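Colleague: One file: data.csv (CSV, C-alpha atoms and all ligand atoms).
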chain,number,residue,atom,x,y,z
A,61,MET,CA,0.0,0.0,0.0
A,62,ASN,CA,1.2,3.5,-0.8
A,63,GLN,CA,2.7,5.1,2.3
A,64,LEU,CA,1.5,8.6,1.4
A,65,HIS,CA,-2.1,7.3,1.0
A,66,PRO,CA,-2.9,4.7,3.6
A,67,GLN,CA,-6.5,4.5,2.4
A,68,ARG,CA,-7.7,4.0,-1.2
A,69,ALA,CA,-11.3,4.1,-2.2
A,70,LEU,CA,-13.0,3.3,-5.5
A,71,ILE,CA,-16.3,5.2,-6.1
A,72,THR,CA,-18.7,4.1,-8.8
A,73,GLY,CA,-21.0,7.0,-9.9
A,74,ILE,CA,-18.3,9.6,-9.1
A,75,THR,CA,-19.8,11.9,-11.7
A,76,GLY,CA,-23.2,12.0,-9.9
A,77,GLN,CA,-24.4,14.2,-7.1
A,78,ASP,CA,-23.3,12.0,-4.2
A,79,GLY,CA,-20.1,10.8,-5.9
A,80,SER,CA,-18.8,14.3,-6.1
A,81,TYR,CA,-19.5,15.1,-2.4
A,82,LEU,CA,-18.1,11.7,-1.3
A,83,ALA,CA,-14.9,12.3,-3.4
A,84,GLU,CA,-14.4,15.7,-1.8
A,85,PHE,CA,-15.0,14.2,1.7
A,86,LEU,CA,-12.6,11.3,1.2
A,87,LEU,CA,-9.9,13.6,-0.3
A,88,SER,CA,-10.2,15.7,2.9
A,89,LYS,CA,-9.4,12.6,4.8
A,90,ASP,CA,-6.3,12.0,2.7
A,91,TYR,CA,-7.7,9.1,0.8
A,92,GLU,CA,-6.5,8.2,-2.7
A,93,VAL,CA,-9.7,8.3,-4.7
A,94,ILE,CA,-10.4,6.3,-7.8
A,95,GLY,CA,-13.6,7.1,-9.8
A,96,LEU,CA,-15.1,4.5,-12.1
A,97,VAL,CA,-16.6,6.3,-15.1
A,98,ARG,CA,-18.5,4.7,-18.0
A,99,ARG,CA,-17.7,5.6,-21.6
A,100,SER,CA,-19.9,8.2,-23.3
A,101,SER,CA,-19.5,10.3,-26.4
A,102,MET,CA,-19.3,13.4,-24.2
A,103,VAL,CA,-17.7,13.5,-20.8
A,104,SER,CA,-19.9,14.5,-18.0
A,105,PHE,CA,-17.4,15.7,-15.4
A,106,GLU,CA,-19.2,18.9,-14.5
A,107,ARG,CA,-19.6,18.0,-10.8
A,108,ILE,CA,-16.0,16.8,-10.4
A,109,ALA,CA,-14.3,19.3,-12.7
A,110,HIS,CA,-12.7,21.0,-9.6
A,111,LEU,CA,-11.3,17.6,-8.5
A,112,GLN,CA,-10.0,16.3,-11.8
A,113,ASP,CA,-6.3,16.7,-10.8
A,114,LYS,CA,-6.9,15.0,-7.5
A,115,VAL,CA,-8.8,11.8,-8.4
A,116,HIS,CA,-7.8,8.9,-10.7
A,117,ILE,CA,-10.4,8.1,-13.3
A,118,VAL,CA,-10.8,4.4,-14.4
A,119,SER,CA,-13.0,3.3,-17.2
A,120,GLY,CA,-15.7,0.8,-16.4
A,121,ASP,CA,-19.4,0.1,-16.4
A,122,LEU,CA,-21.8,-1.7,-14.0
A,123,LEU,CA,-23.1,-3.6,-17.0
A,124,ASP,CA,-19.7,-5.2,-17.7
A,125,GLU,CA,-18.2,-7.4,-14.9
A,126,ALA,CA,-14.8,-7.7,-16.6
A,127,SER,CA,-14.3,-4.0,-16.5
A,128,LEU,CA,-15.1,-4.0,-12.7
A,129,ILE,CA,-12.6,-6.9,-12.1
A,130,GLU,CA,-9.9,-5.1,-14.0
A,131,ALA,CA,-10.5,-1.8,-12.2
A,132,LEU,CA,-10.2,-3.6,-8.8
A,133,GLN,CA,-7.1,-5.5,-9.9
A,134,LYS,CA,-5.4,-2.4,-11.2
A,135,HIS,CA,-6.1,0.0,-8.3
A,136,GLN,CA,-6.4,-2.3,-5.3
A,137,PRO,CA,-8.8,-0.2,-3.3
A,138,ASN,CA,-9.6,-1.1,0.3
A,139,GLU,CA,-13.0,0.5,0.2
A,140,VAL,CA,-15.6,0.5,-2.6
A,141,TYR,CA,-18.6,2.8,-2.6
A,142,ASN,CA,-21.3,1.7,-5.1
A,143,LEU,CA,-23.2,4.8,-6.0
A,144,ALA,CA,-23.7,4.2,-9.7
A,145,ALA,CA,-27.3,3.5,-10.7
A,146,GLN,CA,-30.1,4.5,-13.1
A,147,SER,CA,-31.4,6.6,-10.2
A,148,PHE,CA,-34.4,8.5,-11.6
A,149,VAL,CA,-37.7,6.8,-10.5
A,150,GLN,CA,-39.8,8.2,-13.4
A,151,THR,CA,-37.3,6.8,-16.0
A,152,SER,CA,-37.5,3.4,-14.3
A,153,PHE,CA,-41.1,3.1,-15.5
A,154,GLY,CA,-40.1,3.7,-19.1
A,155,GLN,CA,-36.8,1.7,-18.9
A,156,PRO,CA,-37.4,-1.1,-16.4
A,157,VAL,CA,-35.0,-3.6,-17.9
A,158,LEU,CA,-32.1,-1.2,-18.1
A,159,THR,CA,-32.9,-0.1,-14.6
A,160,GLY,CA,-32.8,-3.7,-13.4
A,161,GLU,CA,-29.5,-4.4,-15.3
A,162,THR,CA,-27.7,-1.4,-13.7
A,163,THR,CA,-29.4,-0.8,-10.4
A,164,ALA,CA,-30.0,-4.4,-9.4
A,165,LEU,CA,-27.7,-6.8,-11.3
A,166,GLY,CA,-24.9,-4.2,-11.4
A,167,VAL,CA,-24.6,-4.7,-7.6
A,168,THR,CA,-24.1,-8.5,-8.0
A,169,ARG,CA,-21.4,-7.9,-10.7
A,170,LEU,CA,-19.5,-5.6,-8.4
A,171,LEU,CA,-19.9,-7.8,-5.3
A,172,ASP,CA,-18.7,-10.8,-7.4
A,173,ALA,CA,-15.7,-8.8,-8.7
A,174,ILE,CA,-14.8,-8.0,-5.0
A,175,ARG,CA,-15.2,-11.7,-4.0
A,176,ILE,CA,-12.9,-12.8,-6.8
A,177,VAL,CA,-10.3,-10.0,-6.6
A,178,ASP,CA,-10.0,-9.3,-2.9
A,179,PRO,CA,-12.8,-10.2,-0.4
A,180,THR,CA,-11.2,-8.0,2.3
A,181,ILE,CA,-12.4,-4.9,0.5
A,182,ARG,CA,-15.1,-3.0,2.4
A,183,PHE,CA,-18.2,-2.3,0.4
A,184,TYR,CA,-21.0,0.3,0.6
A,185,GLN,CA,-24.2,-0.2,-1.3
A,186,ALA,CA,-26.4,2.9,-2.0
A,187,SER,CA,-29.8,1.6,-1.0
A,188,SER,CA,-32.9,3.8,-0.9
A,189,SER,CA,-36.0,4.7,1.0
A,190,GLU,CA,-37.8,4.0,-2.2
A,191,MET,CA,-37.7,0.4,-1.1
A,192,PHE,CA,-40.3,1.3,1.6
A,193,GLY,CA,-42.6,2.5,-1.1
A,194,LYS,CA,-46.1,1.9,0.1
A,195,VAL,CA,-45.0,2.3,3.7
A,196,GLN,CA,-45.9,-0.4,6.2
A,197,GLU,CA,-45.1,1.8,9.2
A,198,VAL,CA,-44.3,5.4,10.1
A,199,PRO,CA,-41.5,6.3,10.6
A,200,GLN,CA,-39.5,3.8,8.6
A,201,SER,CA,-36.5,2.1,10.3
A,202,GLU,CA,-34.1,-0.7,9.5
A,203,SER,CA,-36.8,-3.2,10.6
A,204,THR,CA,-39.7,-1.8,8.5
A,205,PRO,CA,-40.9,-4.3,5.9
A,206,PHE,CA,-40.4,-3.2,2.3
A,207,HIS,CA,-43.0,-2.6,-0.4
A,208,PRO,CA,-41.4,-0.9,-3.4
A,209,ARG,CA,-43.6,1.0,-5.9
A,210,SER,CA,-41.4,1.4,-9.0
A,211,PRO,CA,-39.0,-0.7,-11.1
A,212,TYR,CA,-36.3,1.5,-9.5
A,213,GLY,CA,-37.5,0.6,-6.0
A,214,VAL,CA,-37.7,-3.1,-6.9
A,215,ALA,CA,-34.1,-3.0,-8.4
A,216,LYS,CA,-32.8,-1.2,-5.2
A,217,LEU,CA,-34.4,-3.9,-3.1
A,218,TYR,CA,-32.6,-6.6,-5.0
A,219,GLY,CA,-29.3,-4.6,-4.6
A,220,HIS,CA,-30.0,-4.4,-0.8
A,221,TRP,CA,-30.7,-8.1,-0.4
A,222,ILE,CA,-27.7,-9.2,-2.6
A,223,THR,CA,-25.5,-7.1,-0.4
A,224,VAL,CA,-26.9,-8.8,2.7
A,225,ASN,CA,-26.5,-12.1,1.0
A,226,TYR,CA,-22.8,-11.6,0.1
A,227,ARG,CA,-22.2,-10.5,3.6
A,228,GLU,CA,-23.7,-13.7,5.0
A,229,SER,CA,-22.4,-16.1,2.3
A,230,TYR,CA,-18.9,-14.9,1.9
A,231,ASN,CA,-18.3,-12.9,5.0
A,232,LEU,CA,-17.8,-9.6,3.1
A,233,HIS,CA,-17.7,-6.4,5.0
A,234,ALA,CA,-20.7,-5.2,2.9
A,235,SER,CA,-23.0,-2.5,4.3
A,236,SER,CA,-26.3,-1.2,3.0
A,237,GLY,CA,-27.1,2.5,3.6
A,238,ILE,CA,-30.9,3.0,3.3
A,239,LEU,CA,-30.7,6.7,2.5
A,240,PHE,CA,-33.7,9.0,2.3
A,241,ASN,CA,-33.9,11.8,-0.3
A,242,HIS,CA,-30.9,14.1,-0.2
A,243,GLU,CA,-30.4,17.1,-2.3
A,244,SER,CA,-28.0,19.9,-3.2
A,245,PRO,CA,-27.1,22.5,-5.8
A,246,ARG,CA,-25.5,19.5,-7.7
A,247,ARG,CA,-28.8,17.6,-7.9
A,248,GLY,CA,-29.9,16.6,-11.4
A,249,LEU,CA,-32.4,19.0,-12.9
A,250,GLU,CA,-35.1,16.3,-13.4
A,251,PHE,CA,-35.5,15.7,-9.6
A,252,VAL,CA,-38.3,17.7,-8.1
A,253,THR,CA,-36.2,19.9,-5.6
A,254,ARG,CA,-33.7,21.1,-8.2
A,255,LYS,CA,-36.5,21.5,-10.8
A,256,ILE,CA,-38.2,23.8,-8.4
A,257,THR,CA,-35.2,25.8,-7.3
A,258,HIS,CA,-33.9,26.2,-10.8
A,259,ALA,CA,-37.3,27.4,-12.0
A,260,VAL,CA,-37.6,29.8,-9.0
A,261,ALA,CA,-34.3,31.4,-10.1
A,262,ALA,CA,-35.3,31.5,-13.8
A,263,ILE,CA,-38.7,33.0,-13.1
A,264,HIS,CA,-37.1,35.6,-10.8
A,265,LEU,CA,-34.8,36.6,-13.7
A,266,GLY,CA,-37.7,36.7,-16.2
A,267,ARG,CA,-36.4,33.7,-18.2
A,268,GLN,CA,-39.3,31.3,-17.4
A,269,HIS,CA,-43.0,32.0,-16.9
A,270,ASP,CA,-44.4,28.9,-15.0
A,271,LEU,CA,-43.4,25.7,-13.4
A,272,ARG,CA,-45.2,22.4,-14.4
A,273,LEU,CA,-45.2,19.8,-11.7
A,274,GLY,CA,-47.0,16.5,-10.8
A,275,ASN,CA,-48.1,15.4,-7.4
A,276,LEU,CA,-47.7,18.3,-5.0
A,277,ASP,CA,-49.0,16.3,-2.0
A,278,ALA,CA,-46.1,13.7,-2.0
A,279,MET,CA,-44.2,13.9,1.3
A,280,ARG,CA,-40.4,13.3,1.5
A,281,ASP,CA,-37.7,13.3,4.2
A,282,TRP,CA,-35.3,15.7,2.5
A,283,GLY,CA,-31.7,16.3,3.7
A,284,PHE,CA,-28.4,17.7,2.3
A,285,ALA,CA,-26.3,15.4,0.2
A,286,GLY,CA,-23.0,16.7,1.8
A,287,ASP,CA,-24.2,15.5,5.2
A,288,TYR,CA,-25.2,12.1,3.9
A,289,VAL,CA,-21.9,11.0,2.3
A,290,LYS,CA,-20.3,11.2,5.8
A,291,ALA,CA,-22.7,8.5,6.9
A,292,MET,CA,-21.5,6.3,4.0
A,293,TRP,CA,-17.9,6.6,5.2
A,294,LEU,CA,-18.8,6.0,8.8
A,295,MET,CA,-20.5,2.7,7.9
A,296,LEU,CA,-17.3,1.3,6.5
A,297,GLN,CA,-15.3,2.3,9.6
A,298,GLN,CA,-17.4,0.1,11.8
A,299,ASP,CA,-16.0,-3.3,13.0
A,300,LYS,CA,-19.0,-5.1,11.5
A,301,PRO,CA,-21.0,-4.5,8.4
A,302,ASP,CA,-24.7,-3.7,8.8
A,303,ASN,CA,-27.8,-1.9,7.4
A,304,TYR,CA,-28.5,1.7,8.4
A,305,VAL,CA,-31.3,4.2,7.7
A,306,VAL,CA,-30.0,7.7,7.1
A,307,CYS,CA,-32.5,10.5,7.2
A,308,THR,CA,-33.6,13.7,9.0
A,309,GLY,CA,-36.7,12.3,10.7
A,310,GLU,CA,-38.8,15.2,9.3
A,311,THR,CA,-41.2,15.1,6.4
A,312,HIS,CA,-42.4,17.9,4.1
A,313,SER,CA,-44.7,18.0,1.0
A,314,VAL,CA,-43.6,19.0,-2.5
A,315,ARG,CA,-46.1,21.9,-2.0
A,316,GLU,CA,-44.3,23.1,1.1
A,317,PHE,CA,-40.9,22.9,-0.8
A,318,CYS,CA,-42.4,25.1,-3.5
A,319,GLU,CA,-43.8,27.5,-0.9
A,320,LEU,CA,-40.5,28.1,0.8
A,321,ALA,CA,-38.4,28.1,-2.5
A,322,PHE,CA,-40.6,30.8,-4.1
A,323,ALA,CA,-40.8,32.7,-0.8
A,324,HIS,CA,-37.0,32.9,-0.7
A,325,LEU,CA,-37.2,35.3,-3.6
A,326,ASN,CA,-40.4,37.0,-2.4
A,327,MET,CA,-42.7,35.2,-4.7
A,328,ASP,CA,-45.9,33.2,-4.2
A,329,TYR,CA,-45.7,29.7,-5.7
A,330,LYS,CA,-49.5,29.8,-6.4
A,331,ASP,CA,-48.8,32.4,-9.1
A,332,TYR,CA,-46.5,30.1,-11.0
A,333,VAL,CA,-47.0,26.4,-10.3
A,334,VAL,CA,-49.2,24.5,-12.8
A,335,VAL,CA,-50.2,20.9,-12.1
A,336,ASP,CA,-49.5,18.7,-15.1
A,337,LYS,CA,-50.6,15.1,-15.3
A,338,ALA,CA,-47.5,14.3,-17.4
A,339,PHE,CA,-45.4,14.3,-14.2
A,340,PHE,CA,-47.6,11.9,-12.2
A,341,ARG,CA,-46.3,8.3,-11.8
A,342,PRO,CA,-48.1,5.0,-12.5
A,343,ALA,CA,-47.6,4.2,-8.8
A,344,GLU,CA,-46.7,6.9,-6.2
A,345,VAL,CA,-44.8,6.8,-2.9
A,346,ASP,CA,-47.0,9.1,-0.9
A,347,LEU,CA,-45.1,9.5,2.4
A,348,LEU,CA,-41.5,8.9,3.5
A,349,VAL,CA,-40.2,9.8,6.9
A,350,GLY,CA,-37.3,7.9,8.5
A,351,ASP,CA,-36.2,7.1,12.0
A,352,PRO,CA,-32.5,8.1,12.3
A,353,SER,CA,-31.9,6.7,15.8
A,354,LYS,CA,-29.6,3.9,14.8
A,355,ALA,CA,-27.4,6.2,12.7
A,356,HIS,CA,-27.3,8.6,15.6
A,357,LYS,CA,-26.5,5.9,18.2
A,358,SER,CA,-24.2,3.6,16.3
A,359,LEU,CA,-22.5,6.0,13.8
A,360,SER,CA,-22.7,9.2,15.8
A,361,TRP,CA,-24.1,10.7,12.6
A,362,TYR,CA,-26.3,13.8,12.6
A,363,ARG,CA,-27.5,16.0,9.8
A,364,GLU,CA,-26.2,19.5,9.9
A,365,VAL,CA,-28.3,21.4,7.2
A,366,SER,CA,-32.0,22.1,8.0
A,367,PHE,CA,-34.8,21.8,5.4
A,368,LYS,CA,-35.1,25.6,5.2
A,369,ASP,CA,-31.3,26.2,4.8
A,370,LEU,CA,-31.2,23.5,2.1
A,371,ILE,CA,-33.8,25.3,0.1
A,372,ALA,CA,-32.1,28.6,0.5
A,373,MET,CA,-28.7,27.1,-0.5
A,374,MET,CA,-30.2,25.6,-3.6
A,375,VAL,CA,-32.2,28.7,-4.7
A,376,GLN,CA,-29.2,30.9,-4.2
A,377,ALA,CA,-26.9,28.5,-6.1
A,378,ASP,CA,-29.3,28.4,-9.1
A,379,LEU,CA,-29.6,32.2,-9.1
A,380,GLU,CA,-25.8,32.5,-9.2
A,381,LEU,CA,-25.6,29.8,-11.9
A,382,LEU,CA,-28.1,31.6,-14.1
A,383,GLN,CA,-26.4,34.9,-13.5
A,384,GLY,CA,-23.1,33.4,-14.7
A,385,LYS,CA,-21.5,33.9,-11.3
A,386,LEU,CA,-21.1,30.2,-10.4
A,387,LYS,CA,-18.1,29.0,-12.4
A,388,SER,CA,-17.7,25.6,-10.8
A,389,PHE,CA,-19.4,23.3,-8.2
A,390,SER,CA,-16.5,23.7,-5.8
B,401,LIG,P1,-27.0,10.4,-9.8
B,401,LIG,O1,-26.6,11.9,-9.6
B,401,LIG,O2,-28.1,10.0,-10.7
B,401,LIG,O3,-25.6,9.6,-10.2
B,401,LIG,C1,-25.7,8.3,-10.7
B,401,LIG,C2,-24.3,7.9,-11.2
B,401,LIG,O4,-24.3,6.6,-11.7
B,401,LIG,C3,-23.7,8.8,-12.3
B,401,LIG,O5,-22.3,9.0,-12.0
B,401,LIG,C4,-23.8,7.9,-13.5
B,401,LIG,O6,-22.8,8.2,-14.5
B,401,LIG,C5,-23.5,6.6,-12.9
B,401,LIG,N1,-24.0,5.4,-13.7
B,401,LIG,C6,-25.2,5.2,-14.2
B,401,LIG,N2,-25.2,4.0,-14.9
B,401,LIG,C7,-24.0,3.5,-14.8
B,401,LIG,C8,-23.4,2.4,-15.3
B,401,LIG,N3,-24.1,1.5,-16.0
B,401,LIG,N4,-22.1,2.1,-15.0
B,401,LIG,C9,-21.4,3.0,-14.3
B,401,LIG,N5,-21.9,4.1,-13.8
B,401,LIG,C10,-23.2,4.4,-14.1
B,401,LIG,O7,-27.4,9.8,-8.4
B,401,LIG,P2,-27.1,10.3,-6.9
B,401,LIG,O8,-28.2,11.2,-6.5
B,401,LIG,O9,-25.7,10.8,-6.8
B,401,LIG,O10,-27.3,9.0,-6.1
B,401,LIG,C11,-26.2,8.1,-5.8
B,401,LIG,C12,-26.7,6.7,-5.5
B,401,LIG,O11,-27.5,6.7,-4.3
B,401,LIG,C13,-27.6,6.1,-6.6
B,401,LIG,O12,-27.3,4.7,-6.6
B,401,LIG,C14,-29.0,6.4,-6.1
B,401,LIG,O13,-29.9,5.5,-6.7
B,401,LIG,C15,-28.8,6.2,-4.6
B,401,LIG,N6,-29.7,7.0,-3.8
B,401,LIG,C16,-29.8,8.3,-4.0
B,401,LIG,C17,-30.7,9.1,-3.1
B,401,LIG,C18,-30.8,10.6,-3.3
B,401,LIG,O14,-31.8,11.1,-2.7
B,401,LIG,N7,-29.9,11.2,-4.0
B,401,LIG,C19,-31.3,8.5,-2.1
B,401,LIG,C20,-31.2,7.1,-1.9
B,401,LIG,C21,-30.3,6.4,-2.8
B,401,LIG,P3,-23.1,9.2,-15.7
B,401,LIG,O15,-22.6,10.5,-15.2
B,401,LIG,O16,-22.3,8.6,-16.8
B,401,LIG,O17,-24.6,9.2,-16.0
B,402,LIG,N1,-39.1,14.5,-10.5
B,402,LIG,C1,-40.3,15.0,-10.3
B,402,LIG,N2,-40.8,16.0,-11.2
B,402,LIG,N3,-41.0,14.7,-9.2
B,402,LIG,C2,-42.2,15.3,-9.0
B,402,LIG,C3,-42.7,16.3,-9.9
B,402,LIG,C4,-42.0,16.6,-11.0
B,402,LIG,O1,-42.3,17.4,-11.9
B,402,LIG,N4,-43.9,16.7,-9.4
B,402,LIG,C5,-44.1,16.1,-8.3
B,402,LIG,N5,-43.1,15.2,-8.0
B,402,LIG,C6,-43.0,14.3,-6.9
B,402,LIG,C7,-42.8,12.8,-7.3
B,402,LIG,O2,-44.0,12.2,-7.8
B,402,LIG,C8,-42.3,12.3,-6.0
B,402,LIG,O3,-43.4,11.9,-5.2
B,402,LIG,C9,-41.6,13.4,-5.3
B,402,LIG,O4,-41.9,14.6,-6.1
B,402,LIG,C10,-40.0,13.3,-5.4
B,402,LIG,O5,-39.6,13.0,-6.7
B,402,LIG,P1,-38.1,13.0,-7.1
B,402,LIG,O6,-37.4,14.3,-6.8
B,402,LIG,O7,-38.0,12.6,-8.6
B,402,LIG,O8,-37.4,11.9,-6.1
B,402,LIG,P2,-37.9,10.4,-5.7
B,402,LIG,O9,-38.4,10.5,-4.3
B,402,LIG,O10,-38.8,9.8,-6.7
B,402,LIG,O11,-36.6,9.6,-5.8
B,402,LIG,C11,-35.4,10.2,-5.2
B,402,LIG,O12,-35.2,9.8,-3.9
B,402,LIG,C12,-35.0,8.4,-3.7
B,402,LIG,C13,-34.9,8.1,-2.2
B,402,LIG,O13,-36.2,8.1,-1.6
B,402,LIG,C14,-34.2,9.7,-6.1
B,402,LIG,O14,-33.0,10.4,-5.7
B,402,LIG,C15,-33.9,8.2,-5.9
B,402,LIG,O15,-32.7,7.8,-6.6
B,402,LIG,C16,-33.8,7.9,-4.4
B,402,LIG,O16,-33.5,6.6,-4.2
Just give me the structure of the file as structure tokens.
Modeller:
Amino acid sequence: MNQLHPQRALITGITGQDGSYLAEFLLSKDYEVIGLVRRSSMVSFERIAHLQDKVHIVSGDLLDEASLIEALQKHQPNEVYNLAAQSFVQTSFGQPVLTGETTALGVTRLLDAIRIVDPTIRFYQASSSEMFGKVQEVPQSESTPFHPRSPYGVAKLYGHWITVNYRESYNLHASSGILFNHESPRRGLEFVTRKITHAVAAIHLGRQHDLRLGNLDAMRDWGFAGDYVKAMWLMLQQDKPDNYVVCTGETHSVREFCELAFAHLNMDYKDYVVVDKAFFRPAEVDLLVGDPSKAHKSLSWYREVSFKDLIAMMVQADLELLQGKLKSFS
């Protein structure tokens, strides 16, 4: 192992929202960071542009096990964070097979690669509160039964159980983080929070006239992505692998998010938001709210950014982005 870098982590999905925050966090802890990136005709390094001279990029795809084996053999990480996925719920209804290949079977390919190359590697699986779906109890904890409501949720449930299975079958240090929704200025524009904050900024600047949304009554437990990546790392520092719910313990509606986001720039959401059936889902997850007590107790993890501050941060960042003041995500 390199003396200057006692810890080496491989992140799949490093170009995504969470991947960029996790890479920053691990670099701040002196890790050597390797990012697995799939080939595309245009590189999408926007979120990690400011880190490009600090991280090693390796080519690979969750659809291709040989590429995963090769990445592990070449870089010999001691921790692997599997953040890569087809992560947009709405798309999973239109592309259920692709979602299953990546978000479900992709986890098996990576776990198998670890088992073959080096079973001492510690593994983090990005599981999701979408697995609770039609919730069986409120709030949802590690012991709440699952009832997914989308091909994405079903695929994540497979990913969760295969992680547990490789832990039990091969004694891998494989943990599953059941993370509730977490957002940031780096969130993809298709997700509801960023769609709202970007529209608020655009409307404020006179560049957009209205905002078309689906179900305003859906309730989510929203936190800040920068807080949540710390919980991922904490899970891999424990003596034993386990499952953990990571959340705020608060729930808010999409309507409430709109209300606060528009109010941040002194506007009333009722003047701009139009309900459009095109954004409704074939099956909806009505209410998510987690119980963070295990993460508090076992990981000493607490969220730092409040719901209100998260919205203010996102609206402000979108305003600066549209005004050309935000040059990079750093
Ligand atoms: P995201 O922004 O959509 O990022 C997804 C990442 O996966 C991107 O880097 C993407 O690469 C990569 N990817 C997709 N398909 C791939 C493939 N076949 N091979 C290799 N890489 C592939 O997602 P996120 O919000 O950061 O979420 C990170 C993970 O946590 C995901 O697994 C998500 O499902 C899960 N999760 C997220 C939340 C949340 O609220 N954010 C909550 C619970 C769980 P490209 O840049 O090439 O597209
Ligand atoms: N995207 C979107 N667009 N959602 C809308 C809209 C809209 O125009 N209007 C209403 N919504 C509602 C959705 O129906 C859903 O109930 C809620 O807003 C949140 O939608 P998303 O932001 O797309 O997130 P999600 O909850 O479906 O999924 C996210 O969180 C999961 C964890 O619970 C994703 O990040 C998943 O990858 C993650 O696992």
Colleague: Can you pull out the residues contacting A:Glu243? Cut-off 8 Å, using all atoms listed in the file, and skip same-chain residues under 6 positions away; I want them as a PyMOL selection string.
Modeller: chain A and resi 253-254+282-285+370
Colleague: Determine the nearest neighbour of A:Ser189 from the options A:Arg280, A:Arg267, A:Arg363, A:Arg99, counting all atoms listed in the file.
Modeller: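 Using all atoms listed in the file, the shortest distance to A:Ser189 belongs to A:Arg280.
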Colleague: Just want the 9 Å neighbourhood of A:Pro66, counted on all atoms listed in the file, with same-chain residues fewer than 6 positions away dropped. Output as a short mmCIF file (atom, residue, chain, number, x, y, z; two decimals) with C-alpha atoms, in the frame of the given file.
Modeller:
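And here is the file that came out, result10.cif:
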data_model
loop_
_atom_site.label_atom_id
_atom_site.label_comp_id
_atom_site.auth_asym_id
_atom_site.auth_seq_id
_atom_site.Cartn_x
_atom_site.Cartn_y
_atom_site.Cartn_z
CA ASP A 90 -6.30 12.00 2.70
CA TYR A 91 -7.70 9.10 0.80
CA GLU A 92 -6.50 8.20 -2.70
#
Colleague: May I ask you to write as number ranges by chain all residues lying at most 9 Å from ligand LIG 402 (chain B), with all atoms listed in the file counted?
Modeller: A: 145-150, 186-193, 212-213, 216, 238-243, 247-256, 271-282, 313-315, 335-336, 338-341, 343-348
Colleague: What's around A:His135 at 10 Å? Count all atoms listed in the file, leave out sequence neighbours fewer than 2 positions away in its own chain, and write the answer as a list in words.
Modeller: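 Listed by chain and then number, they are Arg68, Ala69, Leu70, Glu92, Val93, Ile94, His116, Val118, Glu130, Ala131, Leu132, Gln133, Pro137 and Asn138 of chain A.
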Colleague: May I have the residues from that selection written out with C-alpha atoms, as a CSV table (one decimal), in the frame of the given file?
Modeller:
chain,number,residue,atom,x,y,z
A,68,ARG,CA,-7.7,4.0,-1.2
A,69,ALA,CA,-11.3,4.1,-2.2
A,70,LEU,CA,-13.0,3.3,-5.5
A,92,GLU,CA,-6.5,8.2,-2.7
A,93,VAL,CA,-9.7,8.3,-4.7
A,94,ILE,CA,-10.4,6.3,-7.8
A,116,HIS,CA,-7.8,8.9,-10.7
A,118,VAL,CA,-10.8,4.4,-14.4
A,130,GLU,CA,-9.9,-5.1,-14.0
A,131,ALA,CA,-10.5,-1.8,-12.2
A,132,LEU,CA,-10.2,-3.6,-8.8
A,133,GLN,CA,-7.1,-5.5,-9.9
A,137,PRO,CA,-8.8,-0.2,-3.3
A,138,ASN,CA,-9.6,-1.1,0.3
Colleague: So the first atom is atom CA of A:Asp124 and the second is atom CA of A:Ser101; what is the distance between them in Å, to one decimal place?
Modeller: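 Rounded to one decimal, the two atoms are 17.8 Å apart.
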